[in-house]
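The block underneath contains the structure these notes are about, expressed in structure tokens.
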Amino acid sequence: MTALLEVRNLRLSYPSRGWRSKTPEVLRGVSLEIAPGDTLGLVGESGSGKTTLGRAILGLATPTAGTITFDGRDITHLGPKQRRSLARDIQVVFQDPYTSLNPTLTIADILAEPLIAQGTDPAEARTSVGRLLDQVGMPVDALHRYPREFSGGQRQRVAIARALALEPRLIVCDEPVSALDLSTQARVLDLLIDIQRRTGVAYLFITHDLAVVRHVSHRIAVMYRGELVETGDTAAVTTSPSNDYTRNLLLASPTADPDRQRERREARRLARSAAASA
Amino acid sequence: MTVPDVDTATAPVVETAVRPRRGAWRRLLRKPLGIGALLVLVAIIVLGLLEPVLSQHDSALANLQKVNADVGEPGYLLGADQFGRDIWARVLSSINVSVASALIGAGVAVVLGTVFGLIAGYIGKRTGATLSWVFELLMTFPALILILVLQPVTGGSYKVTMVIFGVFLAPGLFRLVRNLVVGVRNELYVDAARVAGLSNRRILSRHVLYVVRGPIIITAAFLGTAAIGVQAGLAFLGVGSSQQVSFGAMTADAFGNIYVKPVQMVWPSLFLALLTGSLVLLGNAYRDVLAAPQGAVAPGGRRAKRRPAAASPSAPGDVLPQDVTAGDHAPSVGSAATATVAALAAAESAGGALLAVRNLRVGYPQVDGSVRDVVKGVSLDVAAGEIVGLVGESGSGKSQTAFSILGLLPRQARVTADVLRVDGQDLQGLGPGGMGKLRGSVLAYIPQEPMANLDPSFTIGSQLVEGLRGIPKREAEQTVLDLLDRVGIVDPRRTFKSYPHQISGGMAQRALIAGAVAPRPKLLIADEPTTALDVTVQAEILDLLRDLQNEFHMGVLLVTHNFGVVADLCDRVLVMQEGELVEGGDVRSIFHAPQHPYTQQLIGAILDEETVRTDPTPTSTGTTAPALTKGGAR
């Protein structure tokens with residue numbers, strides 16, 4: 001199976017302010033692969049660099065070293081023009097559905113925009129946006145409304161529809177359900193899985209929530225302070241992690257069952273005291 | 001958020017839509033000030049444009065027979081000046097000169113400021129820095145003196161003068177636009193547009209300019225006024241061509257003639273005042289329209305949370321008072337929900353509870369005069385030493401319930417209850433002072449976002465010491481240091497001296513918890529205390545809360561949406577939906593045998609630990625297998 005996306009030894013530090021200050025590296029040699037139609041869950045805490053990795057793949061952040069290869073083509077440092085044409089292949093769904101949609105544009109404008117930017121005839125673009133809304137389970141009469149008329153879950157559906165507009169092969173999902181309520185979250189996740197099965201799109205699914213990542217990912221990569229500490233099949237990583245940090249993460253995330261959570265708590269305390277005495 | 005979360009495919013429109021694109025102007029026209037100013041402005045401009053029709057003489061034509069003619073002289077509507085020129089004709093011409101001045105001055109400033117502001121703000125880095133430097137240099141020039149010095153170059157033409165003046169007005173707009181663009185540039189929708197393959201020019205014109213156009217229009221109105229004023233002022237002083245008619249020249253002439261015909265002073269002044277006044281008022285009205293909330297803003301839990309609340313448990317009396325009036329909301333709603341609540345209330349005797357709430361209602365007055373209830377008759381108890389979880393989705397009213405007990409709701413909130421008691425003390429009728437005292441002793445609060453609840457300009461230590469009143473300073477410091485040590489802060493002395501930005505979110509939450517438990521409260525209200533924290537830090541904070549609760553035998557009301565947190569801490573769970581309590585009970589029975597359909601739906605939406613995605617990728621098999629298998633067996 002050839003990789004759709006291949007990241008090799010990626011390093012990134014944001015430009016420093018002032019000439020004497022040193023900035024710590026955000027990414028410290030990250031390597032990963034995503035196969036076509038695959039979902040790679042990228043788990044990590046805030047500040048671990050997971051969002052930065054996603055932005056580097058999207059061309060929104062510039063790596064200092066390493067390569068990003070998409071479908072055999074080096075896309076680490078693309079000029080603006082090539083980057084724009086890559087929009088057909090790589091798309092994004094952001095965390096916050098309240099700021100990722102321009103409040104002054106109608107849903108139809110928002111959805112037609114990527115199509116028109118890629119040279120689709122505006123009239124033709126307008127007819128296909130209805131189909132996009134249908135794909136994400138939204139009524140067509142939503143087209144002429146504004147984002148603020150919709151709830152968080154509905155807005156996230158619109159954001160997903162926008163990502164689907166160009167029929168990309170990879171979607172970077174940056175915490176797409178963290179801002180949503182529990183039941184909404186489950187429905188949006190099901191929608192994402194369903195779309196993947198219909199279209200064969202691959203996801204890089206960035207999240208801090210282990211339950212979510214378990215639900216959608218074929219494989220999981222665990223990130224800690226700018227490095228991947230563990231990568232593997234979802235079941236393997238979440239049941240028998242080989243890395244201490246991953247184990248810690250699993251024990252720390254509370255399970256929604258009082259008795260099992262008590263066990264997990266005890267296990268975590270034991271692990272911690274063992275680590276302290278070692 | 002403010003919108004009830006309906007995620008069904010046919011969700012109704014929940015807010016009356018006010019469309020900003022066309023709507024801003026329409027709303028401006030509905031404003032008396034806006035429509036008035038606009039009418040005056042348009043009328044004056046039209047008068048100027050119709051000059052050839054409305055006046056019978058050329059504005060420069062001097063008729064010696066009409067020197068100082070009176071108002072109403074045939075053919076001389078406003079009389080004639082000391083040279084026998086038709087004042088009415090001169091006024092109309094002056095209007096055109098003023099309007100042209102405003103258009104040229106503000107136009108040059110808007111074009112220069114907007115174009116370079118967009119470039120500097122969006123591209124940033126070196127280009128931005130260079131442009132900023134150039135415009136700042138421009139600001140240091142004394143514009144008026146330069147205009148006077150450059151008179152030989154301009155040849156006395158007011159138009160050229162206004163172009164130069166416009167250049168000097170540009171830095172103000174440049175700075176405004178650059179700052180606005182810097183703010184917009186980092187919005188996610190701009191990132192999304194870049195990922196969607198839009199060119200920079202398209203992003204700037206479609207996404208960025210849209211957001212910044214309002215402030216640009218407002219500023220342009222003021223700059224136009226400034227241009228009119230400067231042009232008139234220069235002409236009054238006699239700078240520029242003496243042939244050029246303008247309000248400035250007219251007032252200068254009238255001034256010289258003031259002892260003969262004082263009324264001549266009135267006409268240019270009046271029209272000049274009307275023109276600039278209406279322009280300024282129009283700008284103001286447009287700003288008001290843009291700043292006004294669009295439609296009714298419902299009180300959202302999150303909105304309330306953002307407000308800096310009690311940093312220390314003994315928040316001083318700076319919190320907003322709320323109307324707590326005795327229950328004039330009789331339990332009249334005979335719905336099934338009320339019955340459930342009544343049953344719940346009956347099941348638990350209100351007598352010995354640490355916190356007793358009966359039929360609590362929280363409402364917010366709406367624009368149309370009605371009151372929108374966000375909490376609709378909630379009754380609950382918390383016993384000493386008990387941890388009660390209050391769960392629900394956003395908009396369910398759980399935070400509003402907690403805040404009404406703390407007395408931390410916004411001023412406009414209408415809170416009523418049959419019973420609202422903490423530790424036997426009635427909260428209703430307690431003034432803000434009384435509530436403050438209560439929060440400093442019996443009642444404590446832990447917020448969702450620790451950083452937002454610490455003042456960035458004071459050290460952690462000083463903020464915590466402030467909370468301990470009536471204790472000598474040295475003793476209070478020692479108490480705080482001990483508490484910081486108790487909540488698991490490794491180097492208490494260093495944290496004591498740190499400012500909030502120097503510590504992590506987890507540390508800040510520990511410090512706030514230390515502050516909350518300092519006065520040994522009996523009831524602790526925690527509002528999503530771990531939502532903003534990483535999962536490993538969350539586990540530690542939960543441990544800490546459990547230990548402290550055991551140690552001090554506190555009652556805890558824990559507001560959360562996270563069922564993992566509930567399972568970890570709570571003895572009892574109350575489920576809220578749309579302002580009502582739908583179910584309550586022991587934590588195990590809620591998780592294992594939920595009764596109410598909504599609770600069942602919530603519990604069902606929890607992502608199962610055993611469910612691991614195992615369907616192969618479509619490309620590897622070409623078939624679709626069942627996506628999820630129970631048990632995670634592989």
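By order of appearance in the structure tokens: chains A, B, ..., then residues from 1 within every chain, and ligands from 1 in the order shown.
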Write out as an NGL selection string each polymer residue whose atoms come within 10 Å of range 580-583 of chain B, counting only C-alpha atoms; drop sequence neighbours fewer than 5 positions from it.
-> :B and (336-338 or 340-341 or 344 or 360-361 or 374-380 or 390-392 or 396-398 or 573-575 or 590 or 594-599)
May I have the residues within 12 Å of Thr52 in chain A as a list in words, using only C-alpha atoms and disregarding those fewer than 6 positions away in the same chain?
->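 Neighbouring residues, sequence-local ones excluded: Leu10, Arg11, Leu12, Ser13, Tyr14, Glu25, Val26, Leu27, Arg28, Val30, Leu42, Gly44, Ser46, Leu58, Gly59, Leu60, Ala61, Thr62, Pro63, Val172, Asp174, Ile206, Met223, Arg225, Gly226 and Glu227 of chain A.
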Once you have the residues from the selection above, write them out as a JSON list (two decimals), in the first residue's frame, restricted to N, CA and C atoms.
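The result, stored in part-v8.json:
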```json
[["chain", "number", "residue", "atom", "x", "y", "z"],
["A", 10, "LEU", "N", 10.00, 15.87, 10.00],
["A", 10, "LEU", "CA", 9.61, 17.27, 9.89],
["A", 10, "LEU", "C", 9.99, 18.05, 11.14],
["A", 11, "ARG", "N", 10.62, 19.18, 10.91],
["A", 11, "ARG", "CA", 10.98, 20.07, 12.02],
["A", 11, "ARG", "C", 10.39, 21.44, 11.74],
["A", 12, "LEU", "N", 9.99, 22.11, 12.81],
["A", 12, "LEU", "CA", 9.41, 23.44, 12.61],
["A", 12, "LEU", "C", 9.60, 24.26, 13.88],
["A", 13, "SER", "N", 10.11, 25.46, 13.70],
["A", 13, "SER", "CA", 10.06, 26.41, 14.82],
["A", 13, "SER", "C", 9.57, 27.73, 14.25],
["A", 14, "TYR", "N", 8.72, 28.39, 15.02],
["A", 14, "TYR", "CA", 8.16, 29.64, 14.55],
["A", 14, "TYR", "C", 9.24, 30.72, 14.60],
["A", 25, "GLU", "N", 11.70, 24.46, 19.35],
["A", 25, "GLU", "CA", 11.10, 23.82, 18.18],
["A", 25, "GLU", "C", 9.72, 23.29, 18.53],
["A", 26, "VAL", "N", 8.77, 23.51, 17.66],
["A", 26, "VAL", "CA", 7.41, 23.01, 17.90],
["A", 26, "VAL", "C", 7.33, 21.56, 17.41],
["A", 27, "LEU", "N", 7.94, 21.30, 16.26],
["A", 27, "LEU", "CA", 8.00, 19.92, 15.77],
["A", 27, "LEU", "C", 9.46, 19.49, 15.75],
["A", 28, "ARG", "N", 9.74, 18.33, 16.32],
["A", 28, "ARG", "CA", 11.13, 17.92, 16.44],
["A", 28, "ARG", "C", 11.36, 16.59, 15.75],
["A", 30, "VAL", "N", 9.22, 14.84, 13.05],
["A", 30, "VAL", "CA", 8.02, 14.00, 13.02],
["A", 30, "VAL", "C", 7.95, 13.25, 11.70],
["A", 42, "LEU", "N", -4.36, 11.71, 15.39],
["A", 42, "LEU", "CA", -3.17, 12.30, 15.99],
["A", 42, "LEU", "C", -3.58, 12.84, 17.35],
["A", 44, "GLY", "N", -2.69, 14.23, 21.28],
["A", 44, "GLY", "CA", -1.67, 14.90, 22.05],
["A", 44, "GLY", "C", -2.29, 15.98, 22.90],
["A", 46, "SER", "N", -2.38, 19.92, 24.73],
["A", 46, "SER", "CA", -2.21, 21.25, 24.17],
["A", 46, "SER", "C", -0.72, 21.59, 24.19],
["A", 58, "LEU", "N", -1.06, 21.66, 5.55],
["A", 58, "LEU", "CA", -1.98, 22.53, 4.80],
["A", 58, "LEU", "C", -1.27, 23.71, 4.14],
["A", 59, "GLY", "N", 0.01, 23.87, 4.46],
["A", 59, "GLY", "CA", 0.74, 25.00, 3.89],
["A", 59, "GLY", "C", 0.52, 26.29, 4.64],
["A", 60, "LEU", "N", -0.03, 26.21, 5.85],
["A", 60, "LEU", "CA", -0.28, 27.41, 6.65],
["A", 60, "LEU", "C", 0.88, 27.69, 7.60],
["A", 61, "ALA", "N", 1.81, 26.74, 7.70],
["A", 61, "ALA", "CA", 3.01, 26.95, 8.52],
["A", 61, "ALA", "C", 4.19, 26.41, 7.73],
["A", 62, "THR", "N", 5.33, 27.05, 7.86],
["A", 62, "THR", "CA", 6.48, 26.66, 7.04],
["A", 62, "THR", "C", 7.47, 25.84, 7.86],
["A", 63, "PRO", "N", 7.74, 24.60, 7.44],
["A", 63, "PRO", "CA", 8.69, 23.76, 8.17],
["A", 63, "PRO", "C", 10.10, 24.29, 8.01],
["A", 172, "VAL", "N", -7.64, 17.33, 6.54],
["A", 172, "VAL", "CA", -7.07, 17.50, 7.86],
["A", 172, "VAL", "C", -8.19, 17.97, 8.78],
["A", 174, "ASP", "N", -9.00, 19.23, 12.29],
["A", 174, "ASP", "CA", -8.34, 19.71, 13.50],
["A", 174, "ASP", "C", -9.38, 19.86, 14.61],
["A", 206, "ILE", "N", -6.96, 15.21, 14.08],
["A", 206, "ILE", "CA", -6.21, 15.74, 15.21],
["A", 206, "ILE", "C", -7.17, 15.95, 16.38],
["A", 223, "MET", "N", 1.41, 12.15, 20.11],
["A", 223, "MET", "CA", 2.41, 13.21, 20.03],
["A", 223, "MET", "C", 2.66, 13.79, 21.41],
["A", 225, "ARG", "N", 5.30, 16.77, 23.12],
["A", 225, "ARG", "CA", 6.35, 17.78, 23.00],
["A", 225, "ARG", "C", 7.04, 17.76, 21.64],
["A", 226, "GLY", "N", 6.26, 17.76, 20.59],
["A", 226, "GLY", "CA", 6.82, 17.89, 19.26],
["A", 226, "GLY", "C", 7.37, 16.61, 18.66],
["A", 227, "GLU", "N", 7.19, 15.49, 19.35],
["A", 227, "GLU", "CA", 7.66, 14.22, 18.79],
["A", 227, "GLU", "C", 6.55, 13.19, 18.83]]
```
Taking the DSSP assignment computed from this structure's backbone, write out as a PyMOL selection string all residues of range 54-99 of chain B that belong to alpha helix (DSSP H).
-> chain B and resi 54+87-99
Would you please give, as a list in words, all residues of range 31-174 of chain A that DSSP assigns to strand (DSSP E or B) based on the backbone?
->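 Answer for range 31-174 of chain A restricted to strand (DSSP E or B) is Ser31, Leu32, Glu33, Ile34, Thr39, Leu40, Gly41, Leu42, Val43, Gly44, Ala65, Gly66, Thr67, Ile68, Thr69, Phe70, Arg73, Asp74, Ile90, Gln91, Val92, Val93, Leu170, Ile171, Val172, Cys173 and Asp174 of chain A.
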Residues of the last selection are to be written out with C-alpha atoms, as an mmCIF file, in the first residue's frame.
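Contents of selection21.cif, freshly written:
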```
data_model
loop_
_atom_site.group_PDB
_atom_site.id
_atom_site.type_symbol
_atom_site.label_atom_id
_atom_site.label_comp_id
_atom_site.auth_asym_id
_atom_site.auth_seq_id
_atom_site.Cartn_x
_atom_site.Cartn_y
_atom_site.Cartn_z
ATOM 1 C CA SER A 31 7.499 11.154 10.542
ATOM 2 C CA LEU A 32 4.184 9.614 9.595
ATOM 3 C CA GLU A 33 2.259 8.116 6.698
ATOM 4 C CA ILE A 34 -1.374 8.079 5.704
ATOM 5 C CA THR A 39 -7.763 7.680 9.107
ATOM 6 C CA LEU A 40 -4.759 8.515 11.203
ATOM 7 C CA GLY A 41 -5.701 9.838 14.625
ATOM 8 C CA LEU A 42 -3.171 12.304 15.987
ATOM 9 C CA VAL A 43 -3.482 12.549 19.763
ATOM 10 C CA GLY A 44 -1.668 14.903 22.051
ATOM 11 C CA ALA A 65 13.485 20.950 7.898
ATOM 12 C CA GLY A 66 12.142 17.639 6.636
ATOM 13 C CA THR A 67 9.772 16.822 3.804
ATOM 14 C CA ILE A 68 6.056 16.417 3.237
ATOM 15 C CA THR A 69 5.197 14.258 0.239
ATOM 16 C CA PHE A 70 1.693 14.015 -1.164
ATOM 17 C CA ARG A 73 5.145 14.851 -4.951
ATOM 18 C CA ASP A 74 7.162 16.999 -2.560
ATOM 19 C CA ILE A 90 -6.008 18.561 0.581
ATOM 20 C CA GLN A 91 -8.757 20.232 2.578
ATOM 21 C CA VAL A 92 -9.451 21.143 6.179
ATOM 22 C CA VAL A 93 -12.139 21.126 8.867
ATOM 23 C CA LEU A 170 -7.091 14.109 2.251
ATOM 24 C CA ILE A 171 -8.909 16.162 4.854
ATOM 25 C CA VAL A 172 -7.068 17.502 7.861
ATOM 26 C CA CYS A 173 -9.619 17.508 10.686
ATOM 27 C CA ASP A 174 -8.337 19.712 13.497
#
```
Residues near range 184-194 of chain A, cut-off 9 Å, only C-alpha atoms, skip fewer than 3 positions along chain, as a count of residues only | 27
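We find CA of Gly48 in chain B and CA of Leu92 in chain B to be spaced 4.9 Å apart.
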With a distance cut-off of 8 Å and only C-alpha atoms, select the neighbouring residues of Val422 in chain B, excluding the residue or stretch itself and same-chain residues fewer than 5 positions from it, and output the selection as a list in words.
->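 Answer for this query is Leu354, Leu355, Ala356, Leu427, Val442, Leu443 and Leu523 of chain B.
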What's the 7 Å shell around range 232-239 of chain B, counting only C-alpha atoms, without same-chain residues fewer than 4 positions away, as a ChimeraX atom specification?
-> /B:228,246-249,251-252
For N, CA and C atoms, I'd like the residues from the last selection saved as a compact mmCIF listing (two decimals), in the first residue's frame.
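Saved as again39.txt:
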```txt
# COMPACT_ATOMS: atom_id res chain seq x y z
N ILE B 228 -13.23 69.44 4.85
CA ILE B 228 -14.07 70.62 4.65
C ILE B 228 -13.62 71.74 5.58
N SER B 246 -15.83 80.10 -1.73
CA SER B 246 -15.97 78.99 -0.79
C SER B 246 -16.52 79.54 0.51
N PHE B 247 -16.93 78.64 1.38
CA PHE B 247 -17.48 79.09 2.67
C PHE B 247 -16.46 79.91 3.41
N GLY B 248 -15.21 79.52 3.32
CA GLY B 248 -14.15 80.26 4.01
C GLY B 248 -14.05 81.68 3.48
N ALA B 249 -14.03 81.80 2.14
CA ALA B 249 -13.93 83.13 1.55
C ALA B 249 -15.16 83.96 1.90
N THR B 251 -17.15 83.71 4.55
CA THR B 251 -17.12 84.17 5.96
C THR B 251 -16.09 85.28 6.11
N ALA B 252 -14.97 85.18 5.39
CA ALA B 252 -13.96 86.24 5.49
C ALA B 252 -14.55 87.57 5.00
```
For range 106-118 of chain A, work out the shell of residues within 8 Å, counting only C-alpha atoms and skipping chain neighbours fewer than 3 positions away, then give it as an MDAnalysis selection string.
-> (chainID A and resid 85 88 101:103 121:122 125:126 129 132 142:147 158 161:162 165:166) or (chainID B and resid 193 196:199)
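Counting from CA of Thr140 in chain B, the distance to CA of Leu176 in chain B is 17.1 Å.
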Do a neighbour search on Ala567 in chain B at 10 Å with only C-alpha atoms, toss out local chain neighbours closer than 5 positions, and write the hits as a PyMOL selection string.
-> (chain A and resi 254-262) or (chain B and resi 389+562+572-573+587-588+591)
So that I have them on file, write out the residues from the current selection with N, CA and C atoms, as a PDB file, in the first residue's frame.
```pdb
ATOM      1  N   PRO A 254     -10.814   9.884  31.851  1.00  0.00           N
ATOM      2  CA  PRO A 254     -11.832   9.219  32.656  1.00  0.00           C
ATOM      3  C   PRO A 254     -12.830   8.459  31.785  1.00  0.00           C
ATOM      4  N   THR A 255     -13.260   7.306  32.256  1.00  0.00           N
ATOM      5  CA  THR A 255     -14.267   6.547  31.531  1.00  0.00           C
ATOM      6  C   THR A 255     -15.625   6.789  32.162  1.00  0.00           C
ATOM      7  N   ALA A 256     -16.660   6.732  31.341  1.00  0.00           N
ATOM      8  CA  ALA A 256     -17.991   7.088  31.823  1.00  0.00           C
ATOM      9  C   ALA A 256     -18.660   5.904  32.526  1.00  0.00           C
ATOM     10  N   ASP A 257     -17.997   5.352  33.505  1.00  0.00           N
ATOM     11  CA  ASP A 257     -18.590   4.278  34.299  1.00  0.00           C
ATOM     12  C   ASP A 257     -17.957   4.369  35.691  1.00  0.00           C
ATOM     13  N   PRO A 258     -18.770   4.617  36.716  1.00  0.00           N
ATOM     14  CA  PRO A 258     -18.208   4.895  38.039  1.00  0.00           C
ATOM     15  C   PRO A 258     -17.279   3.790  38.544  1.00  0.00           C
ATOM     16  N   ASP A 259     -17.655   2.545  38.343  1.00  0.00           N
ATOM     17  CA  ASP A 259     -16.852   1.472  38.924  1.00  0.00           C
ATOM     18  C   ASP A 259     -15.545   1.272  38.165  1.00  0.00           C
ATOM     19  N   ARG A 260     -15.665   1.296  36.822  1.00  0.00           N
ATOM     20  CA  ARG A 260     -14.443   1.115  36.041  1.00  0.00           C
ATOM     21  C   ARG A 260     -13.516   2.317  36.200  1.00  0.00           C
ATOM     22  N   GLN A 261     -14.116   3.495  36.379  1.00  0.00           N
ATOM     23  CA  GLN A 261     -13.290   4.675  36.575  1.00  0.00           C
ATOM     24  C   GLN A 261     -12.522   4.566  37.895  1.00  0.00           C
ATOM     25  N   ARG A 262     -13.155   3.960  38.912  1.00  0.00           N
ATOM     26  CA  ARG A 262     -12.468   3.768  40.188  1.00  0.00           C
ATOM     27  C   ARG A 262     -11.232   2.872  39.982  1.00  0.00           C
TER      28      ARG A 262
ATOM     29  N   GLY B 389     -23.393  15.992  40.687  1.00  0.00           N
ATOM     30  CA  GLY B 389     -23.076  16.450  39.344  1.00  0.00           C
ATOM     31  C   GLY B 389     -24.306  17.034  38.676  1.00  0.00           C
ATOM     32  N   ASN B 562     -19.084  16.570  30.972  1.00  0.00           N
ATOM     33  CA  ASN B 562     -18.212  15.430  30.733  1.00  0.00           C
ATOM     34  C   ASN B 562     -18.610  14.266  31.645  1.00  0.00           C
ATOM     35  N   ARG B 572     -24.052  11.650  43.143  1.00  0.00           N
ATOM     36  CA  ARG B 572     -25.389  11.766  42.606  1.00  0.00           C
ATOM     37  C   ARG B 572     -25.342  12.634  41.349  1.00  0.00           C
ATOM     38  N   VAL B 573     -26.270  12.409  40.444  1.00  0.00           N
ATOM     39  CA  VAL B 573     -26.281  13.145  39.189  1.00  0.00           C
ATOM     40  C   VAL B 573     -27.654  13.768  38.956  1.00  0.00           C
ATOM     41  N   VAL B 587     -25.389   7.892  41.041  1.00  0.00           N
ATOM     42  CA  VAL B 587     -24.562   7.923  39.840  1.00  0.00           C
ATOM     43  C   VAL B 587     -24.630   6.592  39.071  1.00  0.00           C
ATOM     44  N   ARG B 588     -24.689   5.484  39.805  1.00  0.00           N
ATOM     45  CA  ARG B 588     -24.712   4.192  39.105  1.00  0.00           C
ATOM     46  C   ARG B 588     -26.033   3.980  38.373  1.00  0.00           C
ATOM     47  N   PHE B 591     -26.077   5.965  35.157  1.00  0.00           N
ATOM     48  CA  PHE B 591     -25.254   5.409  34.088  1.00  0.00           C
ATOM     49  C   PHE B 591     -25.789   4.081  33.567  1.00  0.00           C
TER      50      PHE B 591
END
```
